[in-house]
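*Asks:* Have a peek at target_25.cif (mmCIF, C-alpha atoms).
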```cif
data_upload
loop_
_atom_site.label_atom_id
_atom_site.label_comp_id
_atom_site.auth_asym_id
_atom_site.auth_seq_id
_atom_site.Cartn_x
_atom_site.Cartn_y
_atom_site.Cartn_z
CA MET A 54 236.45 53.83 294.61
CA TYR A 55 236.34 52.48 298.15
CA GLN A 56 239.96 51.38 298.19
CA LYS A 57 241.11 54.69 299.64
CA GLU A 58 238.92 54.12 302.69
CA PHE A 59 240.45 50.73 303.42
CA GLU A 60 244.02 50.07 304.48
CA THR A 61 245.49 47.03 302.79
CA LEU A 62 248.15 44.85 304.31
CA ALA A 63 249.58 42.05 302.18
CA LEU A 64 252.37 39.95 303.68
CA GLU A 65 253.90 36.53 303.27
CA VAL A 66 255.49 34.46 305.99
CA THR A 67 256.71 30.88 306.32
CA PHE A 68 256.09 29.01 309.56
CA ILE A 69 258.54 26.24 310.36
CA SER A 70 257.85 23.44 312.81
CA ARG A 71 260.61 21.42 314.53
CA LYS A 72 258.92 18.21 313.43
CA LYS A 73 256.14 17.39 311.01
CA MET A 74 252.77 18.59 312.25
CA PRO A 75 249.41 17.11 311.11
CA ASP A 76 247.75 19.35 308.51
CA LYS A 77 244.63 19.50 310.71
CA ARG A 78 246.80 21.14 313.37
CA TRP A 79 248.13 23.59 310.76
CA GLN A 80 244.48 24.46 310.10
CA LYS A 81 243.95 25.20 313.80
CA MET A 82 247.15 27.21 313.83
CA GLY A 83 246.02 29.29 310.83
CA SER A 84 242.67 30.04 312.46
CA TYR A 85 244.41 30.91 315.72
CA PHE A 86 246.71 33.33 313.94
CA ILE A 87 243.82 35.18 312.25
CA GLU A 88 241.90 35.11 315.56
CA LYS A 89 244.79 36.84 317.34
CA TYR A 90 245.02 39.48 314.60
CA VAL A 91 241.27 40.09 314.82
CA GLU A 92 241.48 40.23 318.61
CA GLN A 93 243.85 43.19 318.31
CA LEU A 94 241.53 44.88 315.83
CA GLY A 95 238.70 44.52 318.33
CA LYS A 96 240.64 46.71 320.76
CA ALA A 97 240.77 49.60 318.31
CA GLU A 98 237.81 51.93 317.96
CA LYS A 99 235.53 52.14 314.93
CA VAL A 100 237.25 49.45 312.95
CA VAL A 101 235.42 47.96 309.97
CA ILE A 102 236.78 44.76 308.51
CA GLY A 103 236.58 44.68 304.74
CA HIS A 104 238.06 41.22 304.53
CA ILE A 105 240.88 39.30 306.17
CA LYS A 106 242.10 36.44 304.03
CA GLY A 107 244.88 33.93 304.32
CA LEU A 108 246.11 31.05 302.20
CA LEU A 109 248.32 28.60 304.04
CA GLU A 110 250.23 26.37 301.64
CA LEU A 111 251.41 23.05 303.01
CA GLU A 112 253.34 20.06 301.72
CA ASN A 113 251.96 17.73 299.02
CA LYS A 114 250.03 20.59 297.40
CA ASN A 115 247.66 20.79 300.34
CA PHE A 116 246.35 24.21 301.36
CA ILE A 117 244.05 25.95 303.82
CA LYS A 118 241.92 28.97 303.03
CA LEU A 119 241.21 31.27 305.98
CA SER A 120 238.87 34.22 306.12
CA CYS A 121 237.17 36.58 308.52
CA ILE A 122 234.72 39.40 307.91
CA ARG A 123 233.57 40.36 311.40
CA CYS A 124 235.27 40.52 314.82
CA ASP A 125 232.43 38.65 316.53
CA LEU A 126 232.23 35.74 314.10
CA PRO A 127 234.43 32.63 314.12
CA ILE A 128 237.25 32.36 311.61
CA ASN A 129 236.22 30.48 308.52
CA SER A 130 238.73 27.85 307.42
CA GLU A 131 238.65 25.29 304.63
CA ILE A 132 241.26 22.61 304.12
CA LEU A 133 241.72 20.74 300.86
CA LYS A 134 242.92 17.42 302.32
CA THR A 135 242.56 16.58 306.01
CA SER A 136 245.19 13.84 305.91
CA GLY A 137 248.91 14.47 305.71
CA SER A 138 251.43 16.41 307.73
CA SER A 139 253.87 19.18 306.97
CA LEU A 140 257.06 20.65 308.31
CA GLU A 141 256.44 24.11 306.87
CA GLY A 142 253.43 26.28 306.12
CA HIS A 143 253.65 29.29 303.82
CA LEU A 144 251.04 31.92 304.65
CA THR A 145 249.91 34.62 302.26
CA PHE A 146 247.99 37.16 304.30
CA ASN A 147 245.76 39.94 303.06
CA ALA A 148 243.85 42.28 305.38
CA ILE A 149 241.64 45.12 304.14
CA ILE A 150 240.56 47.23 307.09
CA ASN A 151 238.92 50.59 307.61
CA GLY A 152 239.77 52.60 310.72
CA ILE A 153 243.44 51.71 311.27
CA ASN A 154 246.64 52.72 309.52
CA LYS A 155 249.20 50.42 307.97
CA GLU A 156 251.59 50.77 310.92
CA GLN A 157 248.90 49.50 313.32
CA SER A 158 247.96 46.70 310.97
CA ILE A 159 251.60 45.53 310.78
CA GLN A 160 251.87 45.78 314.55
CA TYR A 161 248.79 43.58 315.00
CA PHE A 162 250.17 41.14 312.46
CA GLN A 163 253.44 40.91 314.38
CA MET A 164 251.66 40.42 317.70
CA ALA A 165 249.53 37.65 316.24
CA LEU A 166 252.64 36.07 314.75
CA GLU A 167 254.52 36.15 318.03
CA ARG A 168 251.64 34.65 319.97
CA THR A 169 250.99 31.93 317.40
CA CYS A 170 254.64 30.90 317.23
CA SER A 171 254.76 30.71 321.00
CA VAL A 172 251.61 28.60 321.37
CA TYR A 173 252.34 26.27 318.45
CA GLU A 174 256.13 26.19 318.95
CA LEU A 175 256.94 27.46 315.48
CA MET A 176 259.69 29.53 313.94
CA THR A 177 259.22 31.96 311.04
CA ASP A 178 261.28 33.64 308.35
CA TYR A 179 259.49 36.94 309.08
CA ASN A 180 261.77 39.95 309.20
CA GLU A 181 260.24 42.68 311.33
CA HIS A 182 262.53 45.39 309.96
CA ALA A 183 261.68 44.57 306.36
CA HIS A 184 258.09 45.61 307.02
CA SER A 185 258.62 48.50 309.39
CA ASN A 186 258.76 51.19 306.69
CA THR A 187 255.25 52.52 306.59
CA ASN A 188 256.10 55.54 304.49
CA ASP A 189 255.19 53.65 301.38
CA PRO A 190 252.80 56.01 299.61
CA GLY A 191 250.73 53.14 298.23
CA HIS A 192 249.00 52.97 294.90
CA HIS A 193 246.58 55.77 295.66
CA GLU A 194 249.40 58.22 295.52
CA GLU A 195 250.12 57.08 291.98
CA LYS A 196 249.12 59.48 289.29
CA CYS A 197 246.61 58.79 286.58
CA PRO A 198 248.59 57.93 283.44
CA VAL A 199 246.46 60.29 281.35
CA CYS A 200 246.16 63.53 283.31
CA HIS A 201 248.94 62.91 285.85
CA GLU A 202 246.60 63.88 288.67
CA HIS A 203 245.41 61.93 291.70
CA HIS A 204 241.85 60.59 291.54
CA THR A 205 241.18 59.70 295.09
CA ASP A 206 237.70 61.06 295.54
CA GLU A 207 235.98 60.23 292.33
CA LYS A 208 236.20 58.05 289.28
CA CYS A 209 238.61 59.01 286.57
CA GLU A 210 236.73 60.06 283.46
CA HIS A 211 239.76 59.85 281.21
CA SER A 212 239.92 57.35 278.39
CA HIS A 213 243.07 55.40 279.12
CA MET B 152 234.53 38.71 266.44
CA LYS B 153 232.89 36.21 268.77
CA TYR B 154 231.97 37.69 272.14
CA PRO B 155 231.69 35.03 274.83
CA GLN B 156 229.16 35.53 277.60
CA LEU B 157 230.64 37.89 280.21
CA ILE B 158 229.65 37.35 283.83
CA LEU B 159 230.60 39.97 286.37
CA PHE B 160 230.70 38.98 290.05
CA THR B 161 230.18 42.12 292.10
CA GLY B 162 229.69 42.69 295.81
CA PHE B 163 231.54 44.04 298.77
CA LEU B 164 234.69 42.49 300.25
CA GLY B 165 234.06 39.13 301.88
CA SER B 166 230.58 38.58 300.43
CA GLY B 167 231.48 35.31 298.70
CA LYS B 168 232.31 36.41 295.15
CA THR B 169 235.27 34.08 294.75
CA SER B 170 233.38 31.08 296.11
CA LEU B 171 230.45 31.71 293.76
CA LEU B 172 232.75 32.28 290.80
CA LEU B 173 234.48 28.96 291.51
CA LYS B 174 231.13 27.15 291.72
CA CYS B 175 230.05 28.70 288.41
CA ALA B 176 233.38 27.76 286.80
CA GLN B 177 232.95 24.16 287.99
CA VAL B 178 229.39 23.93 286.64
CA LEU B 179 230.39 25.48 283.32
CA SER B 180 233.40 23.21 282.88
CA GLU B 181 231.23 20.16 283.66
CA SER B 182 229.03 21.31 280.76
CA GLN B 183 232.15 21.38 278.55
CA LYS B 184 232.14 25.20 278.43
CA LYS B 185 235.49 26.92 278.14
CA CYS B 186 235.93 29.73 280.67
CA GLY B 187 238.45 32.49 281.14
CA ILE B 188 238.73 33.95 284.65
CA ILE B 189 239.83 37.52 285.33
CA VAL B 190 240.47 38.51 288.95
CA ASN B 191 241.33 41.87 290.43
CA GLU B 192 242.39 42.06 294.06
CA VAL B 193 243.40 44.86 296.34
CA GLY B 194 246.91 44.42 297.69
CA GLU B 195 250.19 43.29 296.26
CA ILE B 196 249.64 39.58 296.77
CA GLY B 197 246.53 37.91 295.44
CA ILE B 198 244.96 35.13 297.48
CA ASP B 199 241.95 34.31 295.33
CA ASN B 200 244.05 33.80 292.22
CA LEU B 201 246.44 31.59 294.20
CA GLN B 202 243.51 29.44 295.29
CA MET B 203 242.06 29.30 291.78
CA LYS B 204 245.41 28.26 290.34
CA LYS B 205 245.71 25.57 292.98
CA MET B 206 242.31 24.33 291.78
CA ARG B 207 243.83 24.22 288.27
CA PHE B 208 241.90 27.08 286.74
CA ASN B 209 243.61 29.46 284.35
CA VAL B 210 243.42 32.91 285.83
CA TRP B 211 244.35 36.34 284.50
CA GLU B 212 245.17 38.71 287.34
CA ILE B 213 244.95 42.46 287.52
CA PHE B 214 246.85 43.65 290.57
CA GLY B 215 247.62 46.76 292.51
CA GLY B 216 245.09 48.70 290.58
CA CYS B 217 242.89 51.52 291.59
CA ILE B 218 239.66 51.27 289.62
CA CYS B 219 240.01 54.81 288.28
CA CYS B 220 243.56 54.45 287.00
CA THR B 221 245.35 51.16 286.50
CA LEU B 222 242.43 48.77 286.35
CA ALA B 223 240.59 50.36 283.47
CA ILE B 224 243.39 50.03 280.95
CA SER B 225 244.53 46.64 282.27
CA LEU B 226 241.02 45.25 282.13
CA GLU B 227 240.54 46.41 278.55
CA GLU B 228 243.83 44.83 277.52
CA THR B 229 243.09 41.60 279.36
CA VAL B 230 239.67 41.22 277.75
CA HIS B 231 241.17 41.93 274.29
CA GLN B 232 243.87 39.36 274.95
CA LEU B 233 241.26 36.72 275.84
CA LEU B 234 239.06 37.56 272.85
CA ASN B 235 241.96 37.46 270.39
CA ASN B 236 243.81 34.41 271.65
CA TYR B 237 241.23 32.02 273.05
CA ASP B 238 238.03 30.41 271.86
CA LEU B 239 235.98 30.91 275.01
CA ASP B 240 232.33 30.37 275.84
CA THR B 241 232.34 32.48 278.99
CA ILE B 242 234.48 35.08 280.72
CA LEU B 243 234.11 35.22 284.49
CA LEU B 244 235.24 38.55 285.91
CA GLU B 245 235.69 39.28 289.61
CA PRO B 246 236.65 42.85 290.44
CA SER B 247 237.93 43.76 293.88
CA GLY B 248 235.18 44.09 296.47
CA ALA B 249 236.48 47.56 297.22
CA SER B 250 235.86 48.86 293.72
CA ASP B 251 232.81 50.54 292.26
CA PRO B 252 231.22 48.16 289.72
CA SER B 253 229.83 51.04 287.65
CA ALA B 254 233.40 52.08 286.77
CA LEU B 255 233.95 48.75 285.00
CA TYR B 256 231.36 49.33 282.32
CA LYS B 257 233.37 51.90 280.38
CA PRO B 258 236.48 49.73 279.84
CA LEU B 259 234.25 46.75 279.09
CA GLU B 260 232.34 48.76 276.52
CA LYS B 261 235.63 49.64 274.86
CA SER B 262 236.30 45.92 274.64
CA GLY B 263 233.00 45.42 272.81
CA TYR B 264 230.78 44.60 275.76
CA THR B 265 227.76 46.84 275.96
CA THR B 266 225.71 46.81 279.18
CA GLN B 267 223.20 44.42 277.57
CA LYS B 268 225.96 41.88 276.90
CA ILE B 269 227.12 41.82 280.54
CA LYS B 270 225.52 39.63 283.18
CA ASN B 271 226.15 41.25 286.53
CA ILE B 272 225.65 39.05 289.58
CA PHE B 273 225.71 41.01 292.82
CA ILE B 274 226.47 39.05 295.99
CA LEU B 275 225.24 40.43 299.30
CA ASP B 276 226.47 39.37 302.73
CA PRO B 277 223.40 39.48 305.03
CA LEU B 278 225.61 39.33 308.13
CA ARG B 279 226.81 42.86 307.44
CA VAL B 280 223.76 44.42 305.88
CA ASP B 281 223.42 46.91 308.74
CA MET B 282 227.03 48.04 308.26
CA PHE B 283 226.52 48.39 304.50
CA GLU B 284 223.53 50.64 305.03
CA ALA B 285 225.31 52.71 307.66
CA VAL B 286 228.67 53.12 305.94
CA LEU B 287 228.34 52.08 302.32
CA GLU B 288 224.98 53.34 301.14
CA PRO B 289 226.43 55.02 298.02
CA TYR B 290 228.01 51.69 297.12
CA LEU B 291 224.67 49.88 297.32
CA GLU B 292 222.96 52.68 295.44
CA SER B 293 225.47 52.43 292.63
CA SER B 294 225.84 48.63 292.51
CA ILE B 295 222.41 47.05 292.98
CA PRO B 296 220.61 48.79 290.07
CA LEU B 297 223.29 47.41 287.72
CA ALA B 298 222.73 43.81 288.83
CA ASN B 299 220.90 41.25 286.70
CA ALA B 300 220.63 38.96 289.70
CA VAL B 301 221.28 39.42 293.41
CA ILE B 302 222.52 36.58 295.58
CA ILE B 303 221.90 36.67 299.31
CA ASN B 304 224.69 34.42 300.53
CA LYS B 305 225.40 32.79 303.92
CA ILE B 306 221.76 31.88 304.57
CA ASP B 307 222.98 29.05 306.81
CA VAL B 308 224.31 31.51 309.39
CA ALA B 309 222.20 34.62 308.83
CA SER B 310 219.23 35.28 311.08
CA ALA B 311 215.69 35.65 309.74
CA PHE B 312 215.91 39.36 310.53
CA GLU B 313 219.18 39.76 308.59
CA LEU B 314 217.64 37.98 305.60
CA GLU B 315 214.54 40.20 305.71
CA GLU B 316 216.72 43.28 305.99
CA SER B 317 218.77 42.13 302.99
CA VAL B 318 215.65 41.81 300.85
CA ARG B 319 214.46 45.23 302.02
CA VAL B 320 217.81 46.82 301.10
CA ILE B 321 217.88 45.15 297.68
CA ARG B 322 214.31 46.23 296.92
CA LYS B 323 215.14 49.79 297.97
CA TYR B 324 217.44 50.00 294.93
CA SER B 325 215.82 47.55 292.54
CA LYS B 326 212.15 46.60 292.50
CA ASP B 327 212.41 43.67 290.13
CA VAL B 328 215.88 42.15 290.17
CA PRO B 329 215.70 38.35 290.76
CA ILE B 330 216.90 37.41 294.24
CA PHE B 331 218.49 34.04 295.04
CA ARG B 332 219.06 32.93 298.63
CA ILE B 333 221.95 30.48 298.94
CA ASN B 334 224.82 29.21 301.03
CA VAL B 335 227.51 29.25 298.39
CA ASN B 336 229.45 26.50 300.15
CA ASP B 337 226.50 24.14 299.88
CA VAL B 338 224.64 25.01 296.72
CA ASP B 339 223.63 22.47 294.09
CA SER B 340 224.52 22.83 290.46
CA GLY B 341 220.84 23.24 289.46
CA ILE B 342 220.64 26.56 291.29
CA ILE B 343 223.96 27.68 289.83
CA LYS B 344 222.59 26.90 286.35
CA ARG B 345 219.47 28.95 287.11
CA ILE B 346 221.62 31.86 288.27
CA LEU B 347 223.76 31.63 285.13
CA GLU B 348 220.82 31.28 282.77
CA GLY B 349 218.38 33.63 284.44
#
```
Can you turn what I pasted into structure tokens?

*Replies:*
Amino acid sequence: MYQKEFETLALEVTFISRKKMPDKRWQKMGSYFIEKYVEQLGKAEKVVIGHIKGLLELENKNFIKLSCIRCDLPINSEILKTSGSSLEGHLTFNAIINGINKEQSIQYFQMALERTCSVYELMTDYNEHAHSNTNDPGHHEEKCPVCHEHHTDEKCEHSH
Amino acid sequence: MKYPQLILFTGFLGSGKTSLLLKCAQVLSESQKKCGIIVNEVGEIGIDNLQMKKMRFNVWEIFGGCICCTLAISLEETVHQLLNNYDLDTILLEPSGASDPSALYKPLEKSGYTTQKIKNIFILDPLRVDMFEAVLEPYLESSIPLANAVIINKIDVASAFELEESVRVIRKYSKDVPIFRINVNDVDSGIIKRILEG
């Protein structure tokens, strides 16, 4: 019901370090990345964060969960194992925001990515062009399988 | 047919539904209860299900679904699949925080779960209670009366005023629903048991 009011961005990216980096530093990097994304959001007017989530998968089955729900609160991060180091970190990113469009959200993601890679000396497999098509109608343009209409303003009463 | 207990974790995005669900799953599995977890997330890539799988829980995912279209039929099918193929004690269901919980009752009823058979735990984030009231009042109005228990989460970081406001908002929509105040990241299993049993 409220999904139409929130723009969803779901992306995956792998960060690659030149040499193994302690997993604690990967945790700082993950928080920094979300922080930079949120910083951009803070510059836009009337933005409401639904949820910004990230899962950073490291070597030896270690992972870091990242989340943010408000621009003025610190990024929440939880790491499974504090020991260990990794060469690569695979980030699954999911942002659900009200008040911006997908194009802006991707732009903020890219800016955060660029800044993070520069500060932490990382490379990524991110392909800017692969995500530049914002004409994707999204699932709300999909028709109801029963009546073949769009239910964007109210619940569908059809028995599917 | 045996109908395992069905627990619904409702609440807006970022309120702590996944964390509470994971705590409940841990407590239930420690009591030798078999649980099935159903998760619905907005977006094409699920994060919660990834985390749950990494914690070695079996998770059934419902993706990309708008509550009015895709989710209803997928949810019904998923519940049927669990009922027919597994001998479960509990089903833990976490819909997307952007969906309207009231829309879940119809597909669940078609799966054999009447309102009385569903335990709905609503999780409220006190840090954003002012935003909820300003922007999402219809959501609160629709969700809180359906809840069998309301959890005020994040009490470790919320101010006394935010906690008072949370109680006021809950009581505006439900006079008698039990309220639990917790920090889901630091809650003992006794409280989780009370939430599950209450």

*Asks:* Tell me which protein, DNA and RNA residues are within 7 Å of range 330-335 of chain B, counting only C-alpha atoms, leaving out same-chain ones fewer than 4 positions away, and put them as a JSON list (two decimals) with C-alpha atoms, in the frame of the given file.

*Replies:*
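Listed below is the output, selection_20.json:
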```
[["chain", "number", "residue", "atom", "x", "y", "z"],
["B", 170, "SER", "CA", 233.38, 31.08, 296.11],
["B", 171, "LEU", "CA", 230.45, 31.71, 293.76],
["B", 300, "ALA", "CA", 220.63, 38.96, 289.70],
["B", 301, "VAL", "CA", 221.28, 39.42, 293.41],
["B", 302, "ILE", "CA", 222.52, 36.58, 295.58],
["B", 303, "ILE", "CA", 221.90, 36.67, 299.31],
["B", 304, "ASN", "CA", 224.69, 34.42, 300.53],
["B", 305, "LYS", "CA", 225.40, 32.79, 303.92],
["B", 306, "ILE", "CA", 221.76, 31.88, 304.57],
["B", 307, "ASP", "CA", 222.98, 29.05, 306.81]]
```

*Asks:* If we count all atoms listed in the file and set the cut-off at 8 Å, which residues sit around Thr241 in chain B, ignoring sequence neighbours fewer than 5 positions away in its own chain? Please answer as a PyMOL selection string.

*Replies:* chain B and resi 155-158+184-187

*Asks:* Using all atoms listed in the file, which of A:Leu175, A:Ile69, A:Met164, A:Leu126 sits nearest chain B?

*Replies:* A:Leu126

*Asks:* Would you mind reading off the distance between CA of Asp251 in chain B and CA of Lys174 in chain B, one decimal, in Å?

*Replies:* 23.5 Å

*Asks:* Just to confirm, what's the straight-line distance from CA of Phe208 in chain B to CA of Ile189 in chain B in Å (one decimal)?

*Replies:*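 That distance, rounded to one decimal, is 10.7 Å.
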
*Asks:* Using all atoms listed in the file, which of B:Asn336, B:Arg345, B:Ile274, B:Met282 sits nearest Ser130 in chain A?

*Replies:* B:Asn336

*Asks:* Go through A:Thr169, A:Ser120, A:Asn154, A:Asn180 one by one, measure the shortest atom-to-atom distance of each to chain B using all atoms listed in the file, and give the residue with the smallest value.

*Replies:*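 Smallest distance to chain B is found for A:Ser120.
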
*Asks:* Please compute the CA of Leu347 in chain B-CA of Ala176 in chain B distance, one decimal, in Å.

*Replies:*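 Distance between the two atoms: 10.5 Å.
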
*Asks:* Using only C-alpha atoms, which residue out of B:Leu244, B:Cys175, B:Ile188, B:Ala309 lies closest to chain A?

*Replies:* B:Ala309

*Asks:* For the structure shown, which residues end up in the PyMOL selection byres ((chain A and resi 110) around 9)? Put them as a compact mmCIF listing (two decimals) with C-alpha atoms, keeping the file's coordinate frame, please?

*Replies:*
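See part23.txt below for the written result:
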```
# COMPACT_ATOMS: atom_id res chain seq x y z
CA LEU A 108 246.11 31.05 302.20
CA LEU A 109 248.32 28.60 304.04
CA LEU A 111 251.41 23.05 303.01
CA GLU A 112 253.34 20.06 301.72
CA LYS A 114 250.03 20.59 297.40
CA ASN A 115 247.66 20.79 300.34
CA PHE A 116 246.35 24.21 301.36
CA ILE A 117 244.05 25.95 303.82
CA LYS A 118 241.92 28.97 303.03
CA GLU A 141 256.44 24.11 306.87
CA GLY A 142 253.43 26.28 306.12
CA HIS A 143 253.65 29.29 303.82
CA LEU A 144 251.04 31.92 304.65
CA THR A 145 249.91 34.62 302.26
```

*Asks:* When distances are computed from only C-alpha atoms, which of B:Ile242, B:Val328, B:Ala249, B:Leu201 shows the smallest separation from Ile346 in chain B?

*Replies:* B:Val328

*Asks:* What does the PyMOL selection byres ((chain A and resi 97) around 12) select in this file, as a PDB file with C-alpha atoms, in the frame of the given file?

*Replies:*
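Result went into expr-v6.pdb, see below:
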```pdb
ATOM      1  CA  TYR A  90     245.020  39.480 314.600  1.00  0.00           C
ATOM      2  CA  VAL A  91     241.270  40.090 314.820  1.00  0.00           C
ATOM      3  CA  GLU A  92     241.480  40.230 318.610  1.00  0.00           C
ATOM      4  CA  GLN A  93     243.850  43.190 318.310  1.00  0.00           C
ATOM      5  CA  LEU A  94     241.530  44.880 315.830  1.00  0.00           C
ATOM      6  CA  GLY A  95     238.700  44.520 318.330  1.00  0.00           C
ATOM      7  CA  LYS A  96     240.640  46.710 320.760  1.00  0.00           C
ATOM      8  CA  GLU A  98     237.810  51.930 317.960  1.00  0.00           C
ATOM      9  CA  LYS A  99     235.530  52.140 314.930  1.00  0.00           C
ATOM     10  CA  VAL A 100     237.250  49.450 312.950  1.00  0.00           C
ATOM     11  CA  VAL A 101     235.420  47.960 309.970  1.00  0.00           C
ATOM     12  CA  ILE A 102     236.780  44.760 308.510  1.00  0.00           C
ATOM     13  CA  CYS A 124     235.270  40.520 314.820  1.00  0.00           C
ATOM     14  CA  ILE A 150     240.560  47.230 307.090  1.00  0.00           C
ATOM     15  CA  ASN A 151     238.920  50.590 307.610  1.00  0.00           C
ATOM     16  CA  GLY A 152     239.770  52.600 310.720  1.00  0.00           C
ATOM     17  CA  ILE A 153     243.440  51.710 311.270  1.00  0.00           C
ATOM     18  CA  ASN A 154     246.640  52.720 309.520  1.00  0.00           C
ATOM     19  CA  GLN A 157     248.900  49.500 313.320  1.00  0.00           C
ATOM     20  CA  SER A 158     247.960  46.700 310.970  1.00  0.00           C
ATOM     21  CA  TYR A 161     248.790  43.580 315.000  1.00  0.00           C
TER      22      TYR A 161
END
```

*Asks:* Take the PyMOL selection byres ((chain B and resi 169) around 10), apply it to the structure above, and return the hits as a PDB file with C-alpha atoms, in the coordinates of the input.

*Replies:*
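File produced: expr01.pdb:
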```pdb
ATOM      1  CA  PHE B 160     230.700  38.980 290.050  1.00  0.00           C
ATOM      2  CA  THR B 161     230.180  42.120 292.100  1.00  0.00           C
ATOM      3  CA  GLY B 165     234.060  39.130 301.880  1.00  0.00           C
ATOM      4  CA  SER B 166     230.580  38.580 300.430  1.00  0.00           C
ATOM      5  CA  GLY B 167     231.480  35.310 298.700  1.00  0.00           C
ATOM      6  CA  LYS B 168     232.310  36.410 295.150  1.00  0.00           C
ATOM      7  CA  SER B 170     233.380  31.080 296.110  1.00  0.00           C
ATOM      8  CA  LEU B 171     230.450  31.710 293.760  1.00  0.00           C
ATOM      9  CA  LEU B 172     232.750  32.280 290.800  1.00  0.00           C
ATOM     10  CA  LEU B 173     234.480  28.960 291.510  1.00  0.00           C
ATOM     11  CA  LYS B 174     231.130  27.150 291.720  1.00  0.00           C
ATOM     12  CA  CYS B 175     230.050  28.700 288.410  1.00  0.00           C
ATOM     13  CA  VAL B 190     240.470  38.510 288.950  1.00  0.00           C
ATOM     14  CA  ASP B 199     241.950  34.310 295.330  1.00  0.00           C
ATOM     15  CA  ASN B 200     244.050  33.800 292.220  1.00  0.00           C
ATOM     16  CA  GLN B 202     243.510  29.440 295.290  1.00  0.00           C
ATOM     17  CA  MET B 203     242.060  29.300 291.780  1.00  0.00           C
ATOM     18  CA  LEU B 244     235.240  38.550 285.910  1.00  0.00           C
ATOM     19  CA  GLU B 245     235.690  39.280 289.610  1.00  0.00           C
ATOM     20  CA  PRO B 246     236.650  42.850 290.440  1.00  0.00           C
ATOM     21  CA  VAL B 335     227.510  29.250 298.390  1.00  0.00           C
TER      22      VAL B 335
END
```

*Asks:* Which of these, A:Ile122, A:Leu62, A:Ala148, A:Leu166, has the shortest distance to Gly83 in chain A once you count only C-alpha atoms?

*Replies:*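 Looking only at the distances to Gly83 in chain A, the closest residue turns out to be A:Leu166.
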
*Asks:* Find the residues around Asp281 in chain B up to 10 Å (all atoms listed in the file counted), leave out those fewer than 5 positions away in its own chain, and share them as a PyMOL selection string.

*Replies:* chain B and resi 286-287+313+316-317+320

*Asks:* Using all atoms listed in the file, determine which residues lie at most 8 Å from Asn147 in chain A, disregarding the query and same-chain residues fewer than 5 positions distant; provide the list as a list of chain:residue names.

*Replies:*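 Near neighbours after the sequence-gap exclusion: A:Thr61, A:Leu62, A:Ala63, A:Leu64, A:His104, A:Ile105, A:Lys106, A:Gly107, B:Gly194, B:Ile196, B:Gly197, B:Ile198.
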
*Asks:* Padding 4 Å on every side, please: axis-aligned box over the listed atoms of range 121-129 of chain A, centre and edge lengths to one decimal in Å, as AutoDock Vina command-line options.

*Replies:*
```
--center_x 234.7 --center_y 35.5 --center_z 312.2 --size_x 13.0 --size_y 18.0 --size_z 16.6
```

*Asks:* Please complete range 232-243 of chain B with N, CA and C atoms and give it back as a PDB file, in the frame of the given file.

*Replies:*
```pdb
ATOM      1  N   GLN B 232     242.949  40.495 275.032  1.00  0.00           N
ATOM      2  CA  GLN B 232     243.870  39.360 274.950  1.00  0.00           C
ATOM      3  C   GLN B 232     243.077  38.042 274.923  1.00  0.00           C
ATOM      4  N   LEU B 233     242.073  37.948 275.787  1.00  0.00           N
ATOM      5  CA  LEU B 233     241.260  36.720 275.840  1.00  0.00           C
ATOM      6  C   LEU B 233     240.453  36.545 274.547  1.00  0.00           C
ATOM      7  N   LEU B 234     239.883  37.645 274.062  1.00  0.00           N
ATOM      8  CA  LEU B 234     239.060  37.560 272.850  1.00  0.00           C
ATOM      9  C   LEU B 234     239.894  37.170 271.633  1.00  0.00           C
ATOM     10  N   ASN B 235     241.119  37.702 271.576  1.00  0.00           N
ATOM     11  CA  ASN B 235     241.960  37.460 270.390  1.00  0.00           C
ATOM     12  C   ASN B 235     242.662  36.111 270.408  1.00  0.00           C
ATOM     13  N   ASN B 236     242.956  35.609 271.588  1.00  0.00           N
ATOM     14  CA  ASN B 236     243.810  34.410 271.650  1.00  0.00           C
ATOM     15  C   ASN B 236     243.121  33.125 272.084  1.00  0.00           C
ATOM     16  N   TYR B 237     241.897  33.227 272.530  1.00  0.00           N
ATOM     17  CA  TYR B 237     241.230  32.020 273.050  1.00  0.00           C
ATOM     18  C   TYR B 237     239.821  31.900 272.494  1.00  0.00           C
ATOM     19  N   ASP B 238     239.392  30.663 272.323  1.00  0.00           N
ATOM     20  CA  ASP B 238     238.030  30.410 271.860  1.00  0.00           C
ATOM     21  C   ASP B 238     237.181  30.069 273.086  1.00  0.00           C
ATOM     22  N   LEU B 239     236.682  31.106 273.735  1.00  0.00           N
ATOM     23  CA  LEU B 239     235.980  30.910 275.010  1.00  0.00           C
ATOM     24  C   LEU B 239     234.467  30.936 274.854  1.00  0.00           C
ATOM     25  N   ASP B 240     233.789  30.278 275.770  1.00  0.00           N
ATOM     26  CA  ASP B 240     232.330  30.370 275.840  1.00  0.00           C
ATOM     27  C   ASP B 240     231.913  31.426 276.849  1.00  0.00           C
ATOM     28  N   THR B 241     232.713  31.556 277.909  1.00  0.00           N
ATOM     29  CA  THR B 241     232.340  32.480 278.990  1.00  0.00           C
ATOM     30  C   THR B 241     233.587  33.136 279.591  1.00  0.00           C
ATOM     31  N   ILE B 242     233.442  34.398 279.930  1.00  0.00           N
ATOM     32  CA  ILE B 242     234.480  35.080 280.720  1.00  0.00           C
ATOM     33  C   ILE B 242     233.871  35.381 282.080  1.00  0.00           C
ATOM     34  N   LEU B 243     234.563  34.951 283.129  1.00  0.00           N
ATOM     35  CA  LEU B 243     234.110  35.220 284.490  1.00  0.00           C
ATOM     36  C   LEU B 243     235.023  36.311 285.059  1.00  0.00           C
TER      37      LEU B 243
END
```
